[in-house]
$ cat target_19.cif   # mmCIF, C-alpha atoms
data_final
loop_
_atom_site.label_atom_id
_atom_site.label_comp_id
_atom_site.auth_asym_id
_atom_site.auth_seq_id
_atom_site.Cartn_x
_atom_site.Cartn_y
_atom_site.Cartn_z
CA MET Q 11 20.82 17.51 2.15
CA ALA Q 12 18.15 16.65 -0.39
CA CYS Q 13 16.55 13.47 0.97
CA PHE Q 14 13.08 15.01 0.58
CA LEU Q 15 13.44 14.81 -3.23
CA VAL Q 16 12.87 11.03 -3.21
CA PRO Q 17 9.43 11.16 -1.49
CA THR Q 18 8.62 14.22 -3.67
CA ALA Q 19 9.32 12.18 -6.81
CA GLU Q 20 7.11 9.38 -5.44
CA ALA Q 21 4.39 11.95 -4.68
CA VAL Q 22 4.44 13.14 -8.32
CA ILE Q 23 4.14 9.54 -9.59
CA VAL Q 24 1.33 8.70 -7.13
CA THR Q 25 -0.59 11.87 -8.06
CA LEU Q 26 -0.29 11.07 -11.77
CA ALA Q 27 -1.38 7.46 -11.14
CA THR Q 28 -4.40 8.71 -9.16
CA LYS Q 29 -5.46 11.05 -11.98
CA ILE Q 30 -5.10 8.29 -14.60
CA LYS Q 31 -7.07 5.79 -12.44
CA GLU Q 32 -9.80 8.37 -11.79
CA LYS Q 33 -10.17 8.98 -15.53
CA SER Q 34 -10.30 5.27 -16.37
CA ASP Q 35 -12.81 4.62 -13.55
CA ALA Q 36 -15.05 7.46 -14.75
CA SER Q 37 -15.23 5.98 -18.25
CA LYS Q 38 -16.24 2.51 -16.96
CA PRO Q 39 -19.96 1.66 -16.53
CA VAL Q 40 -20.85 0.99 -12.86
CA LYS Q 41 -23.17 -1.81 -11.75
CA VAL Q 42 -24.91 -1.03 -8.47
CA ASP Q 43 -26.43 -3.77 -6.32
CA ALA Q 44 -28.65 -1.97 -3.81
CA SER Q 45 -29.17 -5.14 -1.73
CA LYS Q 46 -25.50 -5.32 -0.80
CA VAL Q 47 -23.66 -2.96 1.49
CA SER Q 48 -20.40 -1.93 -0.15
CA ASP Q 49 -17.27 -2.95 1.76
CA LYS Q 50 -14.80 -1.58 -0.77
CA ILE Q 51 -12.86 1.65 -0.47
CA PRO Q 52 -12.00 2.95 -3.98
CA PHE Q 53 -8.30 2.55 -4.75
CA THR Q 54 -8.08 6.18 -5.88
CA ARG Q 55 -9.19 7.26 -2.41
CA LYS Q 56 -6.44 5.14 -0.87
CA LEU Q 57 -3.91 6.63 -3.30
CA LYS Q 58 -4.98 10.09 -2.14
CA TRP Q 59 -4.04 9.15 1.44
CA LEU Q 60 -0.57 8.21 0.21
CA SER Q 61 -0.15 11.37 -1.86
CA GLY Q 62 -1.33 13.45 1.12
CA MET Q 63 1.37 11.95 3.33
CA LEU Q 64 4.05 12.23 0.64
CA TRP Q 65 3.27 15.81 -0.46
CA GLY Q 66 2.74 17.07 3.08
CA GLY Q 67 5.82 15.36 4.46
CA SER Q 68 8.00 16.48 1.55
CA ALA Q 69 6.81 20.10 1.80
CA LEU Q 70 7.54 20.28 5.53
CA LEU Q 71 10.88 18.53 5.08
CA ALA Q 72 11.79 20.91 2.25
CA PHE Q 73 11.11 23.79 4.67
CA GLU Q 74 13.52 22.20 7.14
CA HIS Q 75 16.18 22.11 4.42
CA VAL Q 76 15.58 25.80 3.66
CA TRP Q 77 15.89 26.46 7.41
CA HIS Q 78 19.29 24.76 7.50
CA GLY Q 79 20.46 26.56 4.37
CA GLU Q 80 20.61 23.40 2.27
CA VAL Q 81 18.06 24.66 -0.25
CA THR Q 82 18.35 28.12 -1.77
CA PRO Q 83 15.92 30.07 -3.99
CA TRP Q 84 18.64 30.57 -6.63
CA PHE Q 85 20.38 28.18 -9.05
CA PRO Q 86 21.45 25.38 -8.47
CA PHE Q 87 18.91 25.47 -5.57
CA LEU Q 88 20.83 22.84 -3.58
CA THR Q 89 23.97 24.08 -1.81
CA ALA Q 90 25.40 20.56 -2.03
CA MET Q 91 25.66 21.00 -5.80
CA GLY Q 92 28.50 23.46 -5.20
CA SER Q 93 31.23 20.84 -5.09
CA GLU Q 94 31.58 17.30 -6.40
CA ALA Q 95 32.26 15.84 -2.92
CA ASP Q 96 29.13 17.46 -1.50
CA ALA Q 97 27.09 16.31 -4.49
CA MET Q 98 28.25 12.72 -3.95
CA GLU Q 99 27.34 12.95 -0.27
CA MET Q 100 23.92 14.32 -1.23
CA LEU Q 101 23.30 11.47 -3.68
CA HIS Q 102 24.34 8.97 -1.00
CA GLU Q 103 21.90 10.54 1.46
CA MET Q 104 19.13 10.43 -1.14
CA ALA Q 105 19.86 6.77 -1.84
CA THR Q 106 19.79 5.84 1.86
CA ALA Q 107 17.64 8.21 3.97
CA GLY Q 108 15.49 9.42 1.05
CA VAL Q 109 14.65 5.94 -0.20
CA MET Q 110 14.00 4.72 3.36
CA MET Q 111 11.62 7.66 3.95
CA ALA Q 112 9.64 6.83 0.80
CA VAL Q 113 9.58 3.11 1.65
CA LEU Q 114 8.47 3.66 5.26
CA VAL Q 115 5.69 6.10 4.27
CA THR Q 116 4.48 3.58 1.65
CA ALA Q 117 4.65 0.73 4.19
CA VAL Q 118 2.61 2.71 6.73
CA TRP Q 119 0.10 3.50 3.97
CA GLY Q 120 -0.09 -0.22 3.12
CA VAL Q 121 -0.89 -1.05 6.76
CA MET Q 122 -3.51 1.75 6.75
CA CYS Q 123 -5.16 0.28 3.63
CA VAL Q 124 -5.27 -3.25 5.06
CA ALA Q 125 -6.69 -1.96 8.37
CA ALA Q 126 -9.29 0.17 6.54
CA ASP Q 127 -10.36 -2.82 4.41
CA ILE Q 128 -10.76 -5.02 7.50
CA ILE Q 129 -12.81 -2.31 9.28
CA MET Q 130 -15.03 -1.83 6.21
CA LYS Q 131 -15.58 -5.59 5.79
CA LYS Q 132 -16.55 -5.94 9.44
CA SER Q 133 -18.97 -3.01 9.33
CA ALA Q 134 -20.51 -4.24 6.04
CA LYS Q 135 -21.04 -7.68 7.63
CA THR Q 136 -22.74 -6.09 10.64
CA GLU Q 137 -24.96 -3.94 8.38
CA THR Q 138 -25.93 -6.98 6.27
CA VAL Q 139 -26.83 -9.01 9.38
CA LYS Q 140 -28.89 -6.07 10.70
CA GLY Q 141 -30.64 -5.72 7.34
CA GLU Q 142 -31.50 -9.43 7.20
CA ALA Q 143 -32.82 -9.39 10.78
CA ALA Q 144 -35.07 -6.38 10.13
CA MET Y 14 12.63 18.04 19.13
CA THR Y 15 11.27 18.78 15.64
CA LEU Y 16 10.15 15.15 15.35
CA LEU Y 17 8.47 15.26 18.76
CA ILE Y 18 6.59 18.50 18.04
CA THR Y 19 5.44 17.19 14.63
CA VAL Y 20 4.29 13.89 16.18
CA PHE Y 21 2.24 15.82 18.75
CA ALA Y 22 0.75 17.94 15.95
CA ALA Y 23 -0.12 14.74 14.03
CA ILE Y 24 -1.75 13.18 17.13
CA THR Y 25 -3.75 16.36 17.83
CA ALA Y 26 -4.93 16.61 14.20
CA THR Y 27 -5.92 12.90 14.25
CA ILE Y 28 -7.89 13.33 17.50
CA VAL Y 29 -9.71 16.37 16.07
CA TRP Y 30 -10.38 14.40 12.84
CA TYR Y 31 -11.81 11.45 14.83
CA PHE Y 32 -14.08 13.39 17.17
CA LYS Y 33 -15.12 16.23 14.84
CA ASN Y 34 -15.12 14.32 11.59
CA GLN Y 35 -16.40 16.80 9.06
CA SER Y 36 -14.64 15.68 5.89
CA LYS Y 37 -15.44 18.95 4.13
CA TYR Y 38 -12.96 20.78 6.40
CA MET Y 39 -10.19 18.32 5.45
CA ILE Y 40 -8.75 17.79 8.93
CA GLY Y 41 -7.75 14.35 7.63
CA THR Y 42 -5.49 16.01 5.05
CA LEU Y 43 -3.80 18.01 7.81
CA ALA Y 44 -3.31 14.84 9.87
CA LEU Y 45 -1.85 12.96 6.86
CA MET Y 46 0.52 15.85 6.20
CA TYR Y 47 1.86 15.81 9.78
CA TRP Y 48 2.07 11.99 9.86
CA GLY Y 49 4.01 11.98 6.58
CA ALA Y 50 6.48 14.53 7.96
CA SER Y 51 6.73 12.63 11.26
CA ILE Y 52 7.63 9.38 9.47
CA MET Y 53 10.25 11.19 7.38
CA TRP Y 54 11.81 12.83 10.45
CA PHE Y 55 11.74 9.49 12.22
CA VAL Y 56 13.92 8.06 9.44
CA ASP Y 57 16.19 11.10 9.77
CA ALA Y 58 16.40 10.43 13.53
CA ILE Y 59 17.38 6.78 12.93
CA PHE Y 60 20.27 7.87 10.71
CA GLU Y 61 21.31 10.54 13.20
CA TYR Y 62 21.19 8.01 16.04
CA ALA Y 63 23.33 5.59 14.03
CA GLU Y 64 25.92 8.36 13.67
CA LEU Y 65 25.82 9.94 17.15
CA GLN Y 66 24.76 6.94 19.29
CA ALA Y 67 24.03 7.98 22.93
CA GLU Y 68 24.94 11.60 22.19
CA PHE Y 69 21.73 11.77 20.14
CA PHE Y 70 19.69 11.88 23.37
CA THR Y 71 21.72 14.65 24.99
CA PRO Y 72 21.63 17.57 22.57
CA ALA Y 73 23.05 20.96 23.48
CA ALA Y 74 20.50 23.45 24.81
CA LYS Y 75 21.13 25.79 21.87
CA ASP Y 76 20.47 22.98 19.35
CA MET Y 77 17.34 21.94 21.20
CA LEU Y 78 16.00 25.49 21.19
CA ASN Y 79 16.70 25.81 17.46
CA ASP Y 80 15.00 22.46 16.80
CA ALA Y 81 11.99 23.47 18.89
CA PHE Y 82 11.75 26.75 17.00
CA LEU Y 83 11.91 24.79 13.74
CA GLY Y 84 9.25 22.35 14.98
CA VAL Y 85 6.82 25.13 15.85
CA SER Y 86 7.51 26.79 12.48
CA VAL Y 87 6.83 23.48 10.71
CA VAL Y 88 3.50 23.11 12.53
CA ALA Y 89 2.61 26.69 11.54
CA LEU Y 90 3.56 26.01 7.90
CA GLY Y 91 1.40 22.86 7.89
CA LEU Y 92 -1.54 24.89 9.18
CA ILE Y 93 -0.94 27.58 6.55
CA ILE Y 94 -0.88 24.96 3.73
CA TRP Y 95 -4.11 23.41 5.11
CA LEU Y 96 -5.75 26.85 5.41
CA ILE Y 97 -4.84 27.72 1.80
CA ILE Y 98 -6.31 24.41 0.56
CA LEU Y 99 -9.44 24.99 2.67
CA ILE Y 100 -9.95 28.55 1.42
CA MET Y 101 -9.34 27.48 -2.20
CA LYS Y 102 -11.95 24.69 -1.87
CA ASP Y 103 -14.26 26.96 0.17
CA PRO Y 104 -16.57 24.14 1.40
CA ASP Y 105 -19.17 26.44 2.98
CA GLY Y 106 -19.04 28.93 0.10
CA LYS Y 107 -18.17 31.73 2.55
CA LEU Y 108 -15.40 33.18 0.42
CA ARG Y 109 -17.59 33.08 -2.70
CA LYS Y 110 -20.44 34.82 -0.84
CA THR Y 111 -18.07 37.45 0.56
CA LEU Y 112 -16.59 38.14 -2.87
CA GLN Y 113 -20.08 38.44 -4.33
CA GLY Y 114 -20.93 40.99 -1.63
CA GLN Y 115 -23.48 38.76 0.07
CA LYS Y 116 -23.69 38.19 3.83
CA ALA Y 117 -21.52 35.09 4.59
#

$ encode --input "target_19.cif" --output "structure tokens"
Amino acid sequence: MACFLVPTAEAVIVTLATKIKEKSDASKPVKVDASKVSDKIPFTRKLKWLSGMLWGGSALLAFEHVWHGEVTPWFPFLTAMGSEADAMEMLHEMATAGVMMAVLVTAVWGVMCVAADIIMKKSAKTETVKGEAA
Amino acid sequence: MTLLITVFAAITATIVWYFKNQSKYMIGTLALMYWGASIMWFVDAIFEYAELQAEFFTPAAKDMLNDAFLGVSVVALGLIIWLIILIMKDPDGKLRKTLQGQKA
């Protein structure tokens, strides 16, 4: 009915958080140690993965809702807002399916971040060993 | 059916991203978009399964056709969104050159 609104709301928050973090990172002085190979992926880059999944998924899901006639281009935009019973059902769906969608996407992103960090650490270790041997 | 088609689109985009990794063309963004949608439809499928049980796996032909049509449309919409982002960013400057009347 309107489950896509929950991941959309998360996408807005994540995008805002990314912009704020980018601004604060840009104002900080950066110390560069050329002897060390960096094994860190910037957190803002990771946040962009999450916002990509959330925005993309929400947009495609919103299209599905338009397809099924649950979203209309005129006020109140959601057909479920027509009656109180439908509105309650919509809120229930948002609280169950919508929240679970947002949680699962975030969980998958968390696994992606951990895996990416492990891969980067391993490759940095290999590069450092190669550099020392040379 | 929509979930299945979107998952295949996500897998294809990921394979293209892995083997032809040119970050400037943002194939990764396309893959993330399809994966995000796939996860969301997977949750939808879980709730539908909880409601329909075994009937979930035996949809009517008409419903399946409609879902397949929706799935293909979703893949097309994803590609359109990606194409718009790509053209707006114009990584090779082709659009800029064309608009300036130069040979792209």

$ resolve_selection --input "target_19.cif" --expression "the PyMOL selection byres ((chain Q) within 12 of (chain Y))" --output "number ranges by chain"
Q: 11-18, 21, 56, 58-78, 103-104, 106-119, 122

$ atom_distance --input "target_19.cif" --atom1 "atom CA of Q:Ala134" --atom2 "atom CA of Q:Ile51"
11.6 Å

$ atom_distance --input "target_19.cif" --atom1 "atom CA of Y:Asn79" --atom2 "atom CA of Y:Val20"
17.3 Å

$ atom_distance --input "target_19.cif" --atom1 "atom CA of Y:Ile97" --atom2 "atom CA of Y:Leu17"
24.9 Å

$ residues_around --input "target_19.cif" --residues "Q:Ile30" --least-positions-apart "5" --cutoff "12 Å" --atoms "all atoms listed in the file" --output "list in words"
Ile23, Val24, Thr25, Asp35, Ala36, Ser37, Phe53, Thr54 and Leu57 of chain Q
